[in-house]
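Asks: So that we are looking at the same thing, I have put the structure below in structure tokens.
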Amino acid sequence: MRVALVSETWAPEINGVAHTLDRLAHHLVTRNVNLQLVRPRPRQGGREGRAERDMQVRAFSLPGYADVNVGLPAWRRLSRLWRESRPDVVYIATEGPLGWAALATARHLSIPVVGGFHTNFDQYAASYHLRWASGIVGAGLRYFHNRCQMTLVPTRAQAERLHRRGFQRVNVLGRGIDAQHFSPTRRDTNLRAQWGVDDDQPVILYAGRLAAEKNTSLLVRTLRVMQEEYPTLRAVLVGDGPERQHLERQLPETIFTGFLSGETLARHYASADMFLFPSHSETYGNVVPEAMASGLPVVAFDQAAASELIADGREGRLIEATDDDAFVQAAVDLCRHRNARIRSGVAAREKVVDQGWHVIGEHFLTYLIMATQETPYAISSPGHV
């Protein structure tokens, strides 16, 4: 089988989409699938794995997101590639210019397309004071995905929500976790000593982009309230983004690590004591199961991965999506009760420990095969997208 993966982001970039694609691509290769990658040209080189072809296009950076590449359309190169080396199915992970060009080209060549709904771009518009544009962006996303053979989303709640908004042929593809890599056994007393804490001082961790769409204003508010009640606690923020300098000014006692990966990231998770995740904009949120596998209780809103994985009071605290005050109070309460934190951390680990990526990879391959067996759609010209 020959599969083309199209994405505006790819390893070594650090984000949920790149991480998910890297794991799915690895699984496909282990199943002897021939891969084509279509992506923007990375700034510092990127991993090809065992891809048969790696088509890299020119890219530009988004304003305010210097570390995010967006690929230029490259219709002619795509058409030439897929006429010469036709894939059985195309998976498009991002709805940027490159993704739209790939969709148009695949439809023109009658190649089945599976779309991945990885990012709530319509919600991002509201986070950047462009609420008026949310409806326009949402309509564009619906138009894009309804021209695919099927669309894959990470949770049942997301599938139901998109179905109500008029998205067609939506299926669920969950996310996995490497519970050997993310594990409480990686807890590092030397790292905690570098943070200036002992075993009795709680460390509060956040991991993710430092950007407005991650609801960083609520993160600041929560940490400030927690620090008022527990002056000896330490907050550690893993990640980077356009809000970092602003956050550093607002939280001067907080440790900012920048983006981390590999064993270093796993040690930071395991060396903390609880995890805060105030984001409202996630389609999934891979950091939630990573924290849970590391033995951390999680405070998050009742949506995306948290909604699927956390029972309030068991693996952490699950808060109604509109109740910021309850989020703050839940974080303070969980920090106050050490034994409850420990019990919830153990339960969190137990909840995700068996959710390996190999199972998700097999589901992904099944969906790709299903797409090749569907009735072909009407051919359209790439010039009319």
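Chain identifiers are assigned as A, B, and so on, following the order in which chains appear in the structure tokens; residues are numbered from 1 within each chain, and ligands are numbered from 1 in order of appearance.
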Write out as a count of residues only all residues of region 48-265 of chain A that backbone DSSP assigns to helix (DSSP H, G or I).
Replies: 91
Asks: With region 301-307 of chain A as the partner and 9 Å as the cut-off, tabulate the residues of region 106-189 of chain A that qualify, each row holding the nearest pair of atoms and their distance in Å to one decimal, using only C-alpha atoms, sorted by chain and rising number, as JSON lines.
Replies:
```
{"residue": "A:Pro154", "atom": "CA", "partner": "A:Ala304", "partner_atom": "CA", "distance": 7.9}
{"residue": "A:Thr155", "atom": "CA", "partner": "A:Ala304", "partner_atom": "CA", "distance": 6.5}
{"residue": "A:Arg156", "atom": "CA", "partner": "A:Ala304", "partner_atom": "CA", "distance": 9.0}
{"residue": "A:Ala157", "atom": "CA", "partner": "A:Ala304", "partner_atom": "CA", "distance": 7.4}
{"residue": "A:Gln158", "atom": "CA", "partner": "A:Ala304", "partner_atom": "CA", "distance": 7.3}
{"residue": "A:Arg175", "atom": "CA", "partner": "A:Ala305", "partner_atom": "CA", "distance": 8.7}
```
Asks: Dump N, CA and C atoms for the selected residues as a JSON list (two decimals), in the first residue's frame?
Replies:
```json
[["chain", "number", "residue", "atom", "x", "y", "z"],
["A", 154, "PRO", "N", -10.19, 12.95, 17.22],
["A", 154, "PRO", "CA", -9.65, 12.14, 18.30],
["A", 154, "PRO", "C", -10.64, 11.70, 19.37],
["A", 155, "THR", "N", -11.83, 12.30, 19.45],
["A", 155, "THR", "CA", -12.76, 11.94, 20.51],
["A", 155, "THR", "C", -14.18, 11.81, 19.97],
["A", 156, "ARG", "N", -15.00, 11.06, 20.70],
["A", 156, "ARG", "CA", -16.41, 10.91, 20.33],
["A", 156, "ARG", "C", -17.15, 12.24, 20.46],
["A", 157, "ALA", "N", -16.81, 13.01, 21.49],
["A", 157, "ALA", "CA", -17.48, 14.31, 21.66],
["A", 157, "ALA", "C", -17.19, 15.23, 20.49],
["A", 158, "GLN", "N", -15.96, 15.20, 19.99],
["A", 158, "GLN", "CA", -15.61, 16.03, 18.83],
["A", 158, "GLN", "C", -16.37, 15.56, 17.60],
["A", 175, "ARG", "N", -5.92, 8.66, 20.42],
["A", 175, "ARG", "CA", -4.49, 8.88, 20.53],
["A", 175, "ARG", "C", -3.90, 7.88, 21.51]]
```
Asks: Excluding same-chain residues fewer than 4 positions from region 178-192 of chain A, what lies within 9 Å of it counting only C-alpha atoms, as a PyMOL selection string?
Replies: chain A and resi 196-199+203+262-263+265-272+290-296+349+352-357
Asks: Any chance you could list, as a ChimeraX atom specification, the residues in region 136-274 of chain A that come up strand (DSSP E or B) when DSSP is run on the backbone?
Replies: /A:150-153,170-172,203-207,234-239,255-258,274
Asks: If you keep C-alpha atoms, can you produce a file of those selected residues as a PDB file, in the first residue's frame?
Replies:
```
ATOM      1  CA  MET A 150     -13.826  10.713   5.648  1.00  0.00           C
ATOM      2  CA  THR A 151     -12.575  12.901   8.489  1.00  0.00           C
ATOM      3  CA  LEU A 152     -10.831  11.533  11.566  1.00  0.00           C
ATOM      4  CA  VAL A 153     -11.163  13.205  14.971  1.00  0.00           C
ATOM      5  CA  VAL A 170     -16.681  11.699  10.652  1.00  0.00           C
ATOM      6  CA  ASN A 171     -14.916   8.826  12.439  1.00  0.00           C
ATOM      7  CA  VAL A 172     -12.975   8.619  15.684  1.00  0.00           C
ATOM      8  CA  VAL A 203       5.537  21.327  41.937  1.00  0.00           C
ATOM      9  CA  ILE A 204       2.783  22.445  39.563  1.00  0.00           C
ATOM     10  CA  LEU A 205       3.449  21.697  35.900  1.00  0.00           C
ATOM     11  CA  TYR A 206       2.050  23.029  32.643  1.00  0.00           C
ATOM     12  CA  ALA A 207       3.236  21.744  29.252  1.00  0.00           C
ATOM     13  CA  ARG A 234       7.052  25.819  42.531  1.00  0.00           C
ATOM     14  CA  ALA A 235       5.470  26.287  39.115  1.00  0.00           C
ATOM     15  CA  VAL A 236       7.220  24.899  36.024  1.00  0.00           C
ATOM     16  CA  LEU A 237       6.060  25.835  32.518  1.00  0.00           C
ATOM     17  CA  VAL A 238       7.328  23.616  29.713  1.00  0.00           C
ATOM     18  CA  GLY A 239       6.930  25.075  26.247  1.00  0.00           C
ATOM     19  CA  ILE A 255      10.572  28.264  35.958  1.00  0.00           C
ATOM     20  CA  PHE A 256      10.298  28.485  32.164  1.00  0.00           C
ATOM     21  CA  THR A 257      12.088  25.639  30.397  1.00  0.00           C
ATOM     22  CA  GLY A 258      11.262  26.254  26.738  1.00  0.00           C
ATOM     23  CA  MET A 274       0.195  17.884  39.581  1.00  0.00           C
TER      24      MET A 274
END
```
Asks: Let me make sure I understand: among A:Ala104, A:Cys335, A:Val288, A:Ala139, which one has the smallest atom-to-atom distance to Gln201 (chain A) if we use only C-alpha atoms?
Replies: A:Cys335
Asks: Find the residue from A:Leu210, A:Ala102, A:Val89, A:Leu28 that sits nearest to Gln373 (chain A); use only C-alpha atoms when measuring.
Replies: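 Checking each of A:Leu210, A:Ala102, A:Val89, A:Leu28 against Gln373 (chain A), counting only C-alpha atoms, the winner is A:Val89.
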Asks: Between A:Trp195, A:Tyr143, A:Trp75, A:Trp100, which one has atoms that come closest to Glu8 (chain A), using only C-alpha atoms?
Replies: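 Among the listed residues, the smallest separation from Glu8 (chain A) belongs to A:Trp100.
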Asks: Smallest atom-to-atom distance to Glu95 (chain A): which of A:Gly71, A:Gly176, A:Pro202, A:Pro112, using only C-alpha atoms?
Replies: A:Gly71
Asks: Need the shell around Arg76 (chain A): protein/DNA/RNA residues with any atom at most 12 Å away, counting only C-alpha atoms. Skip same-chain ones fewer than 3 positions apart. Format as a PDB file with C-alpha atoms, in the first residue's frame?
Replies:
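Written output follows (out_29.pdb):
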```
ATOM      1  CA  VAL A  57       7.795  22.879  -0.407  1.00  0.00           C
ATOM      2  CA  LEU A  72       2.918  27.170  -0.137  1.00  0.00           C
ATOM      3  CA  PRO A  73       0.384  25.363  -2.370  1.00  0.00           C
ATOM      4  CA  SER A  79       0.263  16.830  -9.579  1.00  0.00           C
ATOM      5  CA  ARG A  80       3.579  15.726 -11.082  1.00  0.00           C
ATOM      6  CA  LEU A  81       4.480  13.671  -7.999  1.00  0.00           C
ATOM      7  CA  TRP A  82       1.141  11.881  -7.839  1.00  0.00           C
ATOM      8  CA  ARG A  83       1.012  11.200 -11.565  1.00  0.00           C
ATOM      9  CA  LEU A  98      -0.561  23.117   1.273  1.00  0.00           C
ATOM     10  CA  ALA A 101      -3.690  22.242  -2.693  1.00  0.00           C
ATOM     11  CA  ALA A 102      -3.298  18.559  -1.793  1.00  0.00           C
ATOM     12  CA  ALA A 104      -7.705  19.776  -4.848  1.00  0.00           C
ATOM     13  CA  THR A 105      -4.976  17.799  -6.591  1.00  0.00           C
ATOM     14  CA  ALA A 106      -6.057  14.467  -5.136  1.00  0.00           C
ATOM     15  CA  HIS A 108      -8.563  16.077  -9.646  1.00  0.00           C
ATOM     16  CA  PRO A 382      -7.751  22.050  -8.546  1.00  0.00           C
ATOM     17  CA  GLY A 383      -8.123  25.511  -9.986  1.00  0.00           C
TER      18      GLY A 383
END
```
